[in-house]
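Printed here is entry_26.cif (mmCIF, N, CA and C atoms and all ligand atoms):
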```
data_coords
loop_
_atom_site.label_atom_id
_atom_site.label_comp_id
_atom_site.auth_asym_id
_atom_site.auth_seq_id
_atom_site.Cartn_x
_atom_site.Cartn_y
_atom_site.Cartn_z
N MET N 1 -7.40 12.16 -15.93
CA MET N 1 -8.09 12.03 -14.64
C MET N 1 -8.16 13.39 -13.93
N PRO N 2 -9.14 13.56 -13.15
CA PRO N 2 -9.37 14.88 -12.56
C PRO N 2 -8.41 15.22 -11.42
N THR N 3 -8.27 16.51 -11.18
CA THR N 3 -7.56 17.02 -10.01
C THR N 3 -8.58 17.71 -9.12
N PHE N 4 -8.49 17.43 -7.83
CA PHE N 4 -9.44 18.01 -6.88
C PHE N 4 -8.69 18.91 -5.91
N ARG N 5 -9.42 19.87 -5.33
CA ARG N 5 -8.82 20.70 -4.28
C ARG N 5 -9.70 20.67 -3.06
N THR N 6 -9.07 20.53 -1.89
CA THR N 6 -9.83 20.60 -0.64
C THR N 6 -9.19 21.65 0.26
N GLY N 7 -9.97 22.15 1.22
CA GLY N 7 -9.48 23.21 2.10
C GLY N 7 -9.55 22.85 3.57
N SER N 8 -9.88 21.60 3.85
CA SER N 8 -9.94 21.16 5.25
C SER N 8 -9.92 19.64 5.30
N GLU N 9 -9.66 19.13 6.50
CA GLU N 9 -9.68 17.69 6.73
C GLU N 9 -11.06 17.12 6.35
N GLU N 10 -12.13 17.82 6.77
CA GLU N 10 -13.50 17.35 6.50
C GLU N 10 -13.74 17.25 4.99
N GLU N 11 -13.25 18.24 4.25
CA GLU N 11 -13.46 18.21 2.80
C GLU N 11 -12.71 17.05 2.15
N THR N 12 -11.56 16.72 2.71
CA THR N 12 -10.80 15.58 2.15
C THR N 12 -11.52 14.27 2.45
N ILE N 13 -12.10 14.16 3.64
CA ILE N 13 -12.88 12.95 3.96
C ILE N 13 -14.08 12.85 3.00
N ALA N 14 -14.74 13.98 2.78
CA ALA N 14 -15.90 13.99 1.87
C ALA N 14 -15.48 13.60 0.45
N LEU N 15 -14.31 14.07 0.04
CA LEU N 15 -13.81 13.70 -1.30
C LEU N 15 -13.55 12.20 -1.36
N GLY N 16 -12.98 11.65 -0.30
CA GLY N 16 -12.73 10.21 -0.24
C GLY N 16 -14.02 9.42 -0.41
N GLU N 17 -15.08 9.90 0.23
CA GLU N 17 -16.38 9.22 0.10
C GLU N 17 -16.84 9.23 -1.35
N ARG N 18 -16.66 10.38 -2.01
CA ARG N 18 -17.08 10.48 -3.42
C ARG N 18 -16.21 9.58 -4.30
N LEU N 19 -14.91 9.57 -4.06
CA LEU N 19 -14.00 8.75 -4.87
C LEU N 19 -14.34 7.27 -4.72
N ALA N 20 -14.79 6.89 -3.51
CA ALA N 20 -15.11 5.48 -3.25
C ALA N 20 -16.16 4.96 -4.24
N ARG N 21 -17.08 5.83 -4.61
CA ARG N 21 -18.15 5.42 -5.54
C ARG N 21 -17.61 5.16 -6.94
N TRP N 22 -16.51 5.80 -7.22
CA TRP N 22 -15.94 5.73 -8.57
C TRP N 22 -14.89 4.60 -8.68
N LEU N 23 -14.37 4.16 -7.53
CA LEU N 23 -13.31 3.13 -7.53
C LEU N 23 -13.85 1.79 -8.02
N PRO N 24 -13.01 1.01 -8.69
CA PRO N 24 -13.42 -0.35 -9.04
C PRO N 24 -13.66 -1.18 -7.76
N ALA N 25 -14.46 -2.22 -7.88
CA ALA N 25 -14.85 -3.02 -6.70
C ALA N 25 -13.64 -3.64 -6.02
N ARG N 26 -12.60 -3.91 -6.81
CA ARG N 26 -11.39 -4.45 -6.20
C ARG N 26 -10.17 -3.86 -6.90
N GLY N 27 -9.04 -3.84 -6.18
CA GLY N 27 -7.83 -3.31 -6.77
C GLY N 27 -7.03 -2.51 -5.78
N VAL N 28 -5.86 -2.10 -6.25
CA VAL N 28 -4.90 -1.43 -5.38
C VAL N 28 -4.90 0.08 -5.66
N VAL N 29 -4.93 0.85 -4.61
CA VAL N 29 -4.90 2.30 -4.70
C VAL N 29 -3.72 2.81 -3.89
N LEU N 30 -2.74 3.41 -4.56
CA LEU N 30 -1.62 4.01 -3.83
C LEU N 30 -1.98 5.43 -3.42
N LEU N 31 -1.78 5.73 -2.15
CA LEU N 31 -1.98 7.09 -1.64
C LEU N 31 -0.59 7.69 -1.48
N ILE N 32 -0.28 8.69 -2.29
CA ILE N 32 1.09 9.20 -2.38
C ILE N 32 1.16 10.66 -1.93
N GLY N 33 2.10 10.94 -1.05
CA GLY N 33 2.27 12.32 -0.59
C GLY N 33 3.14 12.35 0.65
N GLU N 34 3.65 13.54 0.96
CA GLU N 34 4.53 13.68 2.12
C GLU N 34 3.79 13.34 3.42
N LEU N 35 4.57 13.22 4.48
CA LEU N 35 4.01 13.04 5.82
C LEU N 35 3.08 14.23 6.12
N GLY N 36 1.87 13.94 6.54
CA GLY N 36 0.93 15.01 6.87
C GLY N 36 0.17 15.56 5.68
N ALA N 37 0.39 14.98 4.50
CA ALA N 37 -0.32 15.47 3.31
C ALA N 37 -1.82 15.23 3.43
N GLY N 38 -2.19 14.08 4.00
CA GLY N 38 -3.61 13.77 4.13
C GLY N 38 -3.98 12.39 3.59
N LYS N 39 -3.00 11.51 3.48
CA LYS N 39 -3.24 10.17 2.93
C LYS N 39 -4.20 9.39 3.83
N THR N 40 -3.91 9.38 5.13
CA THR N 40 -4.77 8.64 6.06
C THR N 40 -6.16 9.29 6.13
N THR N 41 -6.19 10.61 6.06
CA THR N 41 -7.48 11.33 6.08
C THR N 41 -8.33 10.93 4.87
N LEU N 42 -7.71 10.89 3.71
CA LEU N 42 -8.45 10.49 2.52
C LEU N 42 -8.91 9.04 2.64
N ALA N 43 -8.04 8.20 3.22
CA ALA N 43 -8.39 6.78 3.43
C ALA N 43 -9.65 6.66 4.29
N LYS N 44 -9.77 7.52 5.32
CA LYS N 44 -10.97 7.51 6.17
C LYS N 44 -12.22 7.67 5.32
N GLY N 45 -12.18 8.64 4.41
CA GLY N 45 -13.34 8.91 3.56
C GLY N 45 -13.63 7.76 2.62
N ILE N 46 -12.58 7.18 2.06
CA ILE N 46 -12.76 6.06 1.12
C ILE N 46 -13.36 4.86 1.85
N VAL N 47 -12.81 4.57 3.02
CA VAL N 47 -13.32 3.43 3.81
C VAL N 47 -14.80 3.66 4.15
N GLU N 48 -15.13 4.88 4.53
CA GLU N 48 -16.53 5.18 4.84
C GLU N 48 -17.40 5.07 3.58
N GLY N 49 -16.90 5.64 2.50
CA GLY N 49 -17.66 5.62 1.24
C GLY N 49 -17.94 4.21 0.76
N LEU N 50 -17.05 3.29 1.07
CA LEU N 50 -17.25 1.89 0.68
C LEU N 50 -18.12 1.15 1.69
N GLY N 51 -18.52 1.87 2.73
CA GLY N 51 -19.40 1.27 3.73
C GLY N 51 -18.70 0.25 4.61
N ALA N 52 -17.37 0.38 4.72
CA ALA N 52 -16.61 -0.62 5.46
C ALA N 52 -16.38 -0.24 6.93
N ALA N 53 -16.42 1.05 7.24
CA ALA N 53 -16.26 1.52 8.63
C ALA N 53 -16.54 3.01 8.67
N ARG N 54 -16.74 3.53 9.89
CA ARG N 54 -16.91 4.98 10.03
C ARG N 54 -15.53 5.63 10.09
N PRO N 55 -15.43 6.91 9.66
CA PRO N 55 -14.11 7.56 9.64
C PRO N 55 -13.39 7.51 10.99
N ASP N 56 -14.14 7.64 12.09
CA ASP N 56 -13.46 7.64 13.41
C ASP N 56 -12.98 6.24 13.81
N GLU N 57 -13.37 5.25 13.04
CA GLU N 57 -12.86 3.89 13.30
C GLU N 57 -11.59 3.61 12.51
N VAL N 58 -11.26 4.54 11.60
CA VAL N 58 -10.08 4.35 10.75
C VAL N 58 -8.90 5.10 11.34
N SER N 59 -7.83 4.36 11.66
CA SER N 59 -6.64 5.00 12.19
C SER N 59 -5.45 4.61 11.32
N SER N 60 -4.34 5.31 11.53
CA SER N 60 -3.17 5.06 10.70
C SER N 60 -2.55 3.71 11.01
N PRO N 61 -2.31 2.87 10.02
CA PRO N 61 -1.65 1.58 10.26
C PRO N 61 -0.13 1.69 10.28
N THR N 62 0.39 2.82 10.73
CA THR N 62 1.84 3.02 10.70
C THR N 62 2.58 1.95 11.49
N PHE N 63 2.03 1.55 12.62
CA PHE N 63 2.72 0.56 13.46
C PHE N 63 2.24 -0.86 13.22
N THR N 64 0.97 -0.97 12.86
CA THR N 64 0.40 -2.30 12.66
C THR N 64 0.56 -2.77 11.21
N LEU N 65 0.92 -1.86 10.34
CA LEU N 65 1.18 -2.10 8.92
C LEU N 65 -0.06 -2.36 8.07
N ILE N 66 -0.98 -3.20 8.56
CA ILE N 66 -2.18 -3.48 7.75
C ILE N 66 -3.41 -3.46 8.64
N HIS N 67 -4.41 -2.67 8.26
CA HIS N 67 -5.71 -2.70 8.93
C HIS N 67 -6.74 -3.26 7.96
N GLU N 68 -7.69 -4.00 8.52
CA GLU N 68 -8.74 -4.59 7.69
C GLU N 68 -10.09 -4.04 8.13
N TYR N 69 -10.91 -3.61 7.18
CA TYR N 69 -12.23 -3.06 7.50
C TYR N 69 -13.29 -3.78 6.69
N GLY N 70 -14.49 -3.78 7.24
CA GLY N 70 -15.64 -4.21 6.45
C GLY N 70 -16.10 -5.61 6.73
N GLY N 71 -17.22 -5.93 6.17
CA GLY N 71 -17.79 -7.25 6.30
C GLY N 71 -17.75 -7.91 4.94
N ARG N 72 -18.84 -7.74 4.21
CA ARG N 72 -18.92 -8.35 2.89
C ARG N 72 -17.96 -7.63 1.94
N ARG N 73 -17.98 -6.32 2.02
CA ARG N 73 -17.08 -5.51 1.20
C ARG N 73 -15.84 -5.17 2.03
N LYS N 74 -14.69 -5.69 1.63
CA LYS N 74 -13.48 -5.53 2.44
C LYS N 74 -12.58 -4.40 1.93
N VAL N 75 -11.99 -3.71 2.88
CA VAL N 75 -10.96 -2.74 2.55
C VAL N 75 -9.75 -3.02 3.42
N TYR N 76 -8.58 -3.07 2.80
CA TYR N 76 -7.33 -3.17 3.56
C TYR N 76 -6.61 -1.84 3.43
N HIS N 77 -6.08 -1.36 4.55
CA HIS N 77 -5.34 -0.10 4.57
C HIS N 77 -3.93 -0.42 5.05
N VAL N 78 -2.98 -0.21 4.19
CA VAL N 78 -1.59 -0.62 4.43
C VAL N 78 -0.72 0.64 4.53
N ASP N 79 0.23 0.64 5.46
CA ASP N 79 1.18 1.75 5.57
C ASP N 79 2.59 1.16 5.64
N LEU N 80 3.39 1.45 4.62
CA LEU N 80 4.74 0.86 4.55
C LEU N 80 5.81 1.84 5.05
N TYR N 81 5.38 2.89 5.74
CA TYR N 81 6.32 3.93 6.19
C TYR N 81 7.48 3.35 7.00
N ARG N 82 7.17 2.41 7.87
CA ARG N 82 8.19 1.89 8.77
C ARG N 82 8.98 0.71 8.21
N ILE N 83 8.69 0.36 6.99
CA ILE N 83 9.42 -0.73 6.35
C ILE N 83 10.63 -0.14 5.62
N ASP N 84 11.81 -0.68 5.91
CA ASP N 84 13.02 -0.10 5.34
C ASP N 84 13.51 -0.80 4.08
N HIS N 85 13.24 -2.10 3.98
CA HIS N 85 13.81 -2.85 2.86
C HIS N 85 12.75 -3.62 2.10
N ALA N 86 12.96 -3.72 0.80
CA ALA N 86 12.01 -4.44 -0.05
C ALA N 86 11.84 -5.88 0.45
N ARG N 87 12.91 -6.45 0.97
CA ARG N 87 12.86 -7.83 1.45
C ARG N 87 11.84 -7.98 2.59
N GLU N 88 11.87 -6.97 3.45
CA GLU N 88 10.95 -6.92 4.59
C GLU N 88 9.51 -6.74 4.08
N ALA N 89 9.35 -5.86 3.12
CA ALA N 89 8.02 -5.60 2.55
C ALA N 89 7.49 -6.85 1.86
N ALA N 90 8.39 -7.58 1.20
CA ALA N 90 7.98 -8.78 0.46
C ALA N 90 7.40 -9.82 1.41
N ARG N 91 7.89 -9.82 2.65
CA ARG N 91 7.43 -10.80 3.64
C ARG N 91 6.02 -10.55 4.16
N LEU N 92 5.48 -9.36 3.86
CA LEU N 92 4.14 -9.02 4.37
C LEU N 92 3.02 -9.79 3.65
N GLY N 93 3.37 -10.41 2.54
CA GLY N 93 2.36 -11.17 1.80
C GLY N 93 1.41 -10.29 1.01
N LEU N 94 1.96 -9.22 0.47
CA LEU N 94 1.12 -8.28 -0.27
C LEU N 94 0.50 -8.94 -1.51
N ASP N 95 1.27 -9.80 -2.17
CA ASP N 95 0.77 -10.47 -3.39
C ASP N 95 -0.53 -11.20 -3.10
N GLU N 96 -0.55 -11.87 -1.96
CA GLU N 96 -1.74 -12.63 -1.57
C GLU N 96 -2.88 -11.65 -1.28
N LEU N 97 -2.56 -10.53 -0.66
CA LEU N 97 -3.56 -9.50 -0.36
C LEU N 97 -4.16 -8.95 -1.66
N PHE N 98 -3.28 -8.73 -2.66
CA PHE N 98 -3.71 -8.13 -3.92
C PHE N 98 -4.69 -9.02 -4.68
N GLU N 99 -4.69 -10.31 -4.36
CA GLU N 99 -5.59 -11.23 -5.07
C GLU N 99 -6.97 -11.26 -4.43
N ARG N 100 -7.11 -10.65 -3.27
CA ARG N 100 -8.41 -10.71 -2.59
C ARG N 100 -9.43 -9.80 -3.26
N ASP N 101 -10.68 -10.14 -3.00
CA ASP N 101 -11.78 -9.36 -3.52
C ASP N 101 -11.98 -8.15 -2.61
N ALA N 102 -11.11 -7.17 -2.76
CA ALA N 102 -11.10 -6.05 -1.82
C ALA N 102 -10.45 -4.84 -2.47
N VAL N 103 -10.71 -3.69 -1.88
CA VAL N 103 -9.98 -2.48 -2.24
C VAL N 103 -8.81 -2.38 -1.27
N ILE N 104 -7.61 -2.21 -1.79
CA ILE N 104 -6.42 -2.15 -0.96
C ILE N 104 -5.79 -0.77 -1.07
N LEU N 105 -5.83 -0.02 0.01
CA LEU N 105 -5.28 1.33 0.05
C LEU N 105 -3.88 1.25 0.64
N ILE N 106 -2.89 1.82 -0.05
CA ILE N 106 -1.50 1.70 0.42
C ILE N 106 -0.82 3.06 0.53
N GLU N 107 -0.31 3.35 1.72
CA GLU N 107 0.52 4.54 1.92
C GLU N 107 1.99 4.12 1.81
N TRP N 108 2.78 4.92 1.15
CA TRP N 108 4.21 4.69 0.94
C TRP N 108 4.52 3.47 0.08
N GLY N 109 3.55 3.00 -0.68
CA GLY N 109 3.78 1.86 -1.57
C GLY N 109 4.72 2.20 -2.71
N GLU N 110 4.78 3.50 -3.07
CA GLU N 110 5.65 3.91 -4.19
C GLU N 110 7.12 3.73 -3.85
N ARG N 111 7.44 3.50 -2.58
CA ARG N 111 8.83 3.24 -2.19
C ARG N 111 9.27 1.85 -2.64
N PHE N 112 8.32 1.00 -2.94
CA PHE N 112 8.63 -0.38 -3.36
C PHE N 112 7.90 -0.70 -4.66
N PRO N 113 8.26 0.03 -5.73
CA PRO N 113 7.49 -0.10 -6.98
C PRO N 113 7.46 -1.54 -7.50
N GLN N 114 8.54 -2.28 -7.25
CA GLN N 114 8.61 -3.65 -7.78
C GLN N 114 7.61 -4.57 -7.09
N LEU N 115 7.10 -4.16 -5.95
CA LEU N 115 6.13 -4.98 -5.22
C LEU N 115 4.68 -4.57 -5.51
N MET N 116 4.52 -3.47 -6.23
CA MET N 116 3.16 -2.99 -6.51
C MET N 116 2.63 -3.60 -7.80
N PRO N 117 1.33 -3.81 -7.89
CA PRO N 117 0.79 -4.40 -9.11
C PRO N 117 0.89 -3.42 -10.28
N ARG N 118 1.01 -3.97 -11.46
CA ARG N 118 1.14 -3.14 -12.66
C ARG N 118 -0.11 -2.27 -12.86
N GLU N 119 -1.25 -2.89 -12.61
CA GLU N 119 -2.50 -2.15 -12.70
C GLU N 119 -2.86 -1.60 -11.34
N ARG N 120 -3.01 -0.29 -11.26
CA ARG N 120 -3.33 0.33 -9.97
C ARG N 120 -3.84 1.74 -10.19
N ILE N 121 -4.37 2.29 -9.12
CA ILE N 121 -4.77 3.70 -9.15
C ILE N 121 -3.82 4.44 -8.24
N GLU N 122 -3.34 5.58 -8.71
CA GLU N 122 -2.47 6.40 -7.86
C GLU N 122 -3.19 7.70 -7.53
N ILE N 123 -3.22 8.02 -6.24
CA ILE N 123 -3.80 9.28 -5.80
C ILE N 123 -2.69 10.08 -5.14
N ARG N 124 -2.33 11.19 -5.76
CA ARG N 124 -1.26 12.05 -5.23
C ARG N 124 -1.85 13.24 -4.50
N ILE N 125 -1.37 13.45 -3.29
CA ILE N 125 -1.86 14.56 -2.48
C ILE N 125 -0.72 15.53 -2.22
N GLU N 126 -0.93 16.78 -2.57
CA GLU N 126 0.10 17.79 -2.32
C GLU N 126 -0.46 18.90 -1.48
N ALA N 127 0.30 19.27 -0.45
CA ALA N 127 -0.13 20.36 0.43
C ALA N 127 0.21 21.69 -0.21
N GLY N 128 -0.73 22.62 -0.12
CA GLY N 128 -0.48 23.99 -0.56
C GLY N 128 -0.43 24.90 0.66
N GLU N 129 -0.87 26.13 0.50
CA GLU N 129 -0.96 27.08 1.62
C GLU N 129 -1.89 26.55 2.70
N GLY N 130 -1.46 26.60 3.93
CA GLY N 130 -2.34 26.25 5.05
C GLY N 130 -2.97 24.88 4.90
N ASP N 131 -4.29 24.86 4.85
CA ASP N 131 -5.00 23.58 4.79
C ASP N 131 -5.36 23.17 3.36
N GLN N 132 -4.86 23.90 2.40
CA GLN N 132 -5.18 23.56 1.00
C GLN N 132 -4.46 22.27 0.59
N ARG N 133 -5.16 21.42 -0.13
CA ARG N 133 -4.56 20.21 -0.67
C ARG N 133 -4.99 20.03 -2.11
N GLU N 134 -4.06 19.59 -2.95
CA GLU N 134 -4.38 19.26 -4.34
C GLU N 134 -4.29 17.76 -4.48
N ILE N 135 -5.32 17.15 -5.01
CA ILE N 135 -5.43 15.70 -5.04
C ILE N 135 -5.67 15.23 -6.46
N GLN N 136 -4.73 14.45 -6.95
CA GLN N 136 -4.75 14.06 -8.36
C GLN N 136 -4.90 12.55 -8.47
N VAL N 137 -5.84 12.12 -9.27
CA VAL N 137 -6.14 10.70 -9.39
C VAL N 137 -5.71 10.20 -10.78
N THR N 138 -4.93 9.13 -10.82
CA THR N 138 -4.45 8.58 -12.09
C THR N 138 -4.63 7.07 -12.12
N LYS N 139 -5.11 6.58 -13.25
CA LYS N 139 -5.21 5.13 -13.44
C LYS N 139 -3.96 4.67 -14.17
N ILE N 140 -3.28 3.65 -13.67
CA ILE N 140 -2.01 3.19 -14.24
C ILE N 140 -2.18 1.76 -14.77
N GLY N 141 -1.59 1.53 -15.93
CA GLY N 141 -1.47 0.15 -16.43
C GLY N 141 -2.74 -0.44 -17.04
N THR N 142 -3.72 0.39 -17.34
CA THR N 142 -4.94 -0.17 -17.97
C THR N 142 -5.15 0.42 -19.35
P1 LIG P 201 -0.62 11.37 6.07
O1 LIG P 201 -1.33 10.07 6.23
O2 LIG P 201 -0.46 11.80 4.63
O3 LIG P 201 0.70 11.43 6.80
P2 LIG P 201 -2.73 12.45 7.72
O4 LIG P 201 -3.98 12.26 6.95
O5 LIG P 201 -2.45 11.52 8.83
O6 LIG P 201 -1.49 12.54 6.70
O7 LIG P 201 -2.71 13.90 8.33
C1 LIG P 201 -3.08 15.05 7.62
C2 LIG P 201 -3.03 16.23 8.58
O8 LIG P 201 -3.25 17.44 7.88
C3 LIG P 201 -4.10 16.13 9.65
O9 LIG P 201 -3.57 16.63 10.85
C4 LIG P 201 -5.19 17.05 9.11
O10 LIG P 201 -5.98 17.61 10.12
C5 LIG P 201 -4.38 18.10 8.41
N1 LIG P 201 -5.10 18.75 7.30
C6 LIG P 201 -5.23 20.07 7.12
N2 LIG P 201 -5.87 20.36 5.98
C7 LIG P 201 -6.17 19.17 5.41
C8 LIG P 201 -6.82 18.83 4.21
N3 LIG P 201 -7.29 19.74 3.32
N4 LIG P 201 -6.95 17.51 3.93
C9 LIG P 201 -6.46 16.58 4.77
N5 LIG P 201 -5.81 16.84 5.91
C10 LIG P 201 -5.67 18.13 6.25
MG MG P 202 -0.76 8.24 7.11
#
```

As structure tokens, please, write out the structure in this file.
Amino acid sequence: MPTFRTGSEEETIALGERLARWLPARGVVLLIGELGAGKTTLAKGIVEGLGAARPDEVSSPTFTLIHEYGGRRKVYHVDLYRIDHAREAARLGLDELFERDAVILIEWGERFPQLMPRERIEIRIEAGEGDQREIQVTKIGT
């Protein structure tokens, strides 16, 4: 799978839009990277690329845990940052979410590997100098 480089927030949003065209119609996408890496920024682009909302309508679900976007084409954006225990995460009903006809974007999902589906896409974002980001896309379990 390819590795991409971006040099600004705008470029990462644009990359998200492009990736959206390549994503399967449904399935789970883990967005992996440190705080401030650009996971939510990339999610903005993906949500826009899927035609589910405009980037400025997409905010971090850090406190609300799950945001839902779209009409016919649904996108769920999940952030497990504030969840401390797998037991707590299990109560969110992720399994039921994973069965929906939707793209499910998850931040910090790698902290609970046992709750993630075997088949998924992982997008790793690493910060470099300044605004540089390296973004690596991997398909898992297929
Ligand atoms: P995360 O969800 O991974 O914690 P956010 O997307 O919320 O990160 O924040 C990323 C921060 O980094 C934003 O403040 C954004 O402006 C900044 N930034 C700088 N360069 C980039 C880049 N190339 N891609 C994405 N974000 C960038
Ligand atoms: Mg975030």

(request) Identify which of the residues N:Leu92, N:Ile106, N:Ala25, N:Ile121 lies closest to Val78 (chain N), counting all atoms listed in the file when measuring atom-to-atom distances. (result) N:Ile106

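Here atom C of Lys39 (chain N) is placed at a distance of 12.8 Å from atom C of Glu57 (chain N).
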
(request) Identify which of the residues N:Ile125, N:Ile83, N:Leu105, N:Leu94 lies closest to ligand LIG 201 (chain P), counting only C-alpha atoms and all ligand atoms when measuring atom-to-atom distances. (result) N:Ile125

(request) Quick one: everything within 6 Å of Glu134 (chain N), counting all atoms listed in the file, minus sequence neighbours fewer than 2 positions away in the same chain. Send it as number ranges by chain. (result) N: 4-6, 124-128, 132, 136

Atoms to include: N, CA and C atoms. Write the selected residues as a JSON list (two decimals), in the frame of the given file.
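Wrote it out as result.json, contents follow:
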```
[["chain", "number", "residue", "atom", "x", "y", "z"],
["N", 4, "PHE", "N", -8.49, 17.43, -7.83],
["N", 4, "PHE", "CA", -9.44, 18.01, -6.88],
["N", 4, "PHE", "C", -8.69, 18.91, -5.91],
["N", 5, "ARG", "N", -9.42, 19.87, -5.33],
["N", 5, "ARG", "CA", -8.82, 20.70, -4.28],
["N", 5, "ARG", "C", -9.70, 20.67, -3.06],
["N", 6, "THR", "N", -9.07, 20.53, -1.89],
["N", 6, "THR", "CA", -9.83, 20.60, -0.64],
["N", 6, "THR", "C", -9.19, 21.65, 0.26],
["N", 124, "ARG", "N", -2.33, 11.19, -5.76],
["N", 124, "ARG", "CA", -1.26, 12.05, -5.23],
["N", 124, "ARG", "C", -1.85, 13.24, -4.50],
["N", 125, "ILE", "N", -1.37, 13.45, -3.29],
["N", 125, "ILE", "CA", -1.86, 14.56, -2.48],
["N", 125, "ILE", "C", -0.72, 15.53, -2.22],
["N", 126, "GLU", "N", -0.93, 16.78, -2.57],
["N", 126, "GLU", "CA", 0.10, 17.79, -2.32],
["N", 126, "GLU", "C", -0.46, 18.90, -1.48],
["N", 127, "ALA", "N", 0.30, 19.27, -0.45],
["N", 127, "ALA", "CA", -0.13, 20.36, 0.43],
["N", 127, "ALA", "C", 0.21, 21.69, -0.21],
["N", 128, "GLY", "N", -0.73, 22.62, -0.12],
["N", 128, "GLY", "CA", -0.48, 23.99, -0.56],
["N", 128, "GLY", "C", -0.43, 24.90, 0.66],
["N", 132, "GLN", "N", -4.86, 23.90, 2.40],
["N", 132, "GLN", "CA", -5.18, 23.56, 1.00],
["N", 132, "GLN", "C", -4.46, 22.27, 0.59],
["N", 136, "GLN", "N", -4.73, 14.45, -6.95],
["N", 136, "GLN", "CA", -4.75, 14.06, -8.36],
["N", 136, "GLN", "C", -4.90, 12.55, -8.47]]
```

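Residues in contact with Pro2 (chain N) at up to 8 Å, not including ones fewer than 6 positions away on its chain and judged by all atoms listed in the file, are Ile135, Gln136, Val137 and Thr138 of chain N.
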
Write out the residues from the selection above, keeping N, CA and C atoms, as a short mmCIF file (atom, residue, chain, number, x, y, z; two decimals), in the coordinates of the input.
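Output (result_6.cif):
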```cif
data_model
loop_
_atom_site.label_atom_id
_atom_site.label_comp_id
_atom_site.auth_asym_id
_atom_site.auth_seq_id
_atom_site.Cartn_x
_atom_site.Cartn_y
_atom_site.Cartn_z
N ILE N 135 -5.32 17.15 -5.01
CA ILE N 135 -5.43 15.70 -5.04
C ILE N 135 -5.67 15.23 -6.46
N GLN N 136 -4.73 14.45 -6.95
CA GLN N 136 -4.75 14.06 -8.36
C GLN N 136 -4.90 12.55 -8.47
N VAL N 137 -5.84 12.12 -9.27
CA VAL N 137 -6.14 10.70 -9.39
C VAL N 137 -5.71 10.20 -10.78
N THR N 138 -4.93 9.13 -10.82
CA THR N 138 -4.45 8.58 -12.09
C THR N 138 -4.63 7.07 -12.12
#
```

(message) Using only C-alpha atoms, which protein or nucleic acid residues come within 7 Å of Glu17 (chain N)? Drop anything in the same chain fewer than 6 positions from it, and give the result as number ranges by chain.
(response) N: 45-46, 48-49

Could you take the residues named above and write them with N, CA and C atoms, as a short mmCIF file (atom, residue, chain, number, x, y, z; two decimals), in the frame of the given file?
```cif
data_model
loop_
_atom_site.label_atom_id
_atom_site.label_comp_id
_atom_site.auth_asym_id
_atom_site.auth_seq_id
_atom_site.Cartn_x
_atom_site.Cartn_y
_atom_site.Cartn_z
N GLY N 45 -12.18 8.64 4.41
CA GLY N 45 -13.34 8.91 3.56
C GLY N 45 -13.63 7.76 2.62
N ILE N 46 -12.58 7.18 2.06
CA ILE N 46 -12.76 6.06 1.12
C ILE N 46 -13.36 4.86 1.85
N GLU N 48 -15.13 4.88 4.53
CA GLU N 48 -16.53 5.18 4.84
C GLU N 48 -17.40 5.07 3.58
N GLY N 49 -16.90 5.64 2.50
CA GLY N 49 -17.66 5.62 1.24
C GLY N 49 -17.94 4.21 0.76
#
```

(request) Using only C-alpha atoms, find the one residue out of N:Val29, N:Leu80, N:Ala89, N:Leu15 that sits nearest to Leu42 (chain N). (result) N:Leu15

Closest atom pairs, chain N residues within 8 Å of ligand LIG 201 (chain P), only N, CA and C atoms and all ligand atoms, as a tab-separated table:
```
residue	atom	partner	partner_atom	distance
N:Arg5	C	P:LIG201	N3	6.9
N:Thr6	C	P:LIG201	N3	4.1
N:Gly7	C	P:LIG201	N3	3.9
N:Ser8	N	P:LIG201	N3	3.2
N:Glu9	N	P:LIG201	C7	3.7
N:Glu10	N	P:LIG201	N4	5.9
N:Glu11	C	P:LIG201	N4	6.0
N:Thr12	CA	P:LIG201	N4	4.7
N:Ile13	N	P:LIG201	N4	6.2
N:Leu31	C	P:LIG201	O2	7.4
N:Ile32	C	P:LIG201	O2	6.9
N:Gly33	C	P:LIG201	O2	5.4
N:Glu34	C	P:LIG201	O2	4.7
N:Leu35	C	P:LIG201	O3	3.7
N:Gly36	N	P:LIG201	O3	2.8
N:Ala37	N	P:LIG201	O2	3.3
N:Gly38	N	P:LIG201	O2	2.9
N:Lys39	N	P:LIG201	O2	2.8
N:Thr40	N	P:LIG201	O1	2.9
N:Thr41	N	P:LIG201	O4	2.9
N:Leu42	N	P:LIG201	O4	5.1
N:Ala43	N	P:LIG201	O4	6.8
N:Lys44	N	P:LIG201	O4	7.7
N:Ser59	C	P:LIG201	O5	7.9
N:Ser60	CA	P:LIG201	O5	6.8
N:Glu107	CA	P:LIG201	O1	7.3
N:Ile125	CA	P:LIG201	O2	7.8
N:Ala127	CA	P:LIG201	N3	7.7
N:Gly128	N	P:LIG201	N3	7.9
N:Gly130	C	P:LIG201	N2	5.5
N:Asp131	CA	P:LIG201	N2	3.5
N:Gln132	C	P:LIG201	N3	4.7
N:Arg133	N	P:LIG201	N3	4.4
N:Glu134	N	P:LIG201	N3	7.1
```

(request) May I have the residues within 8 Å of Ile140 (chain N) as a PyMOL selection string, using only C-alpha atoms and disregarding those fewer than 5 positions away in the same chain? (result) chain N and resi 118-122

(request) Have a look at N:Val103, N:Val28, N:Leu115, N:Val58 and name the one nearest to ligand MG 202 (chain P); count only C-alpha atoms and all ligand atoms. (result)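 Ranked by minimum distance to ligand MG 202 (chain P), first place goes to N:Val58.
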
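Using only C-alpha atoms, the residues found no farther than 6 Å from Leu65 (chain N), other than those of its own chain fewer than 3 positions away, are Pro61, Thr62, Val78 and Asp79 of chain N.
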
(message) Can you tell me, as an MDAnalysis selection string, which residues in region 5-90 of chain N count as strand (DSSP E) by DSSP?
(response) chainID N and resid 5:6 27:32 66:69 74:79

(message) Please report the interatomic distance between atom C of Ala14 (chain N) and atom N of Gly51 (chain N) in Å with one decimal.
(response) 12.3 Å

(message) One number please: atom C of Ala90 (chain N) to CA of Gly70 (chain N), in Å, one decimal.
(response)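 Between these atoms lies a distance of 24.2 Å.
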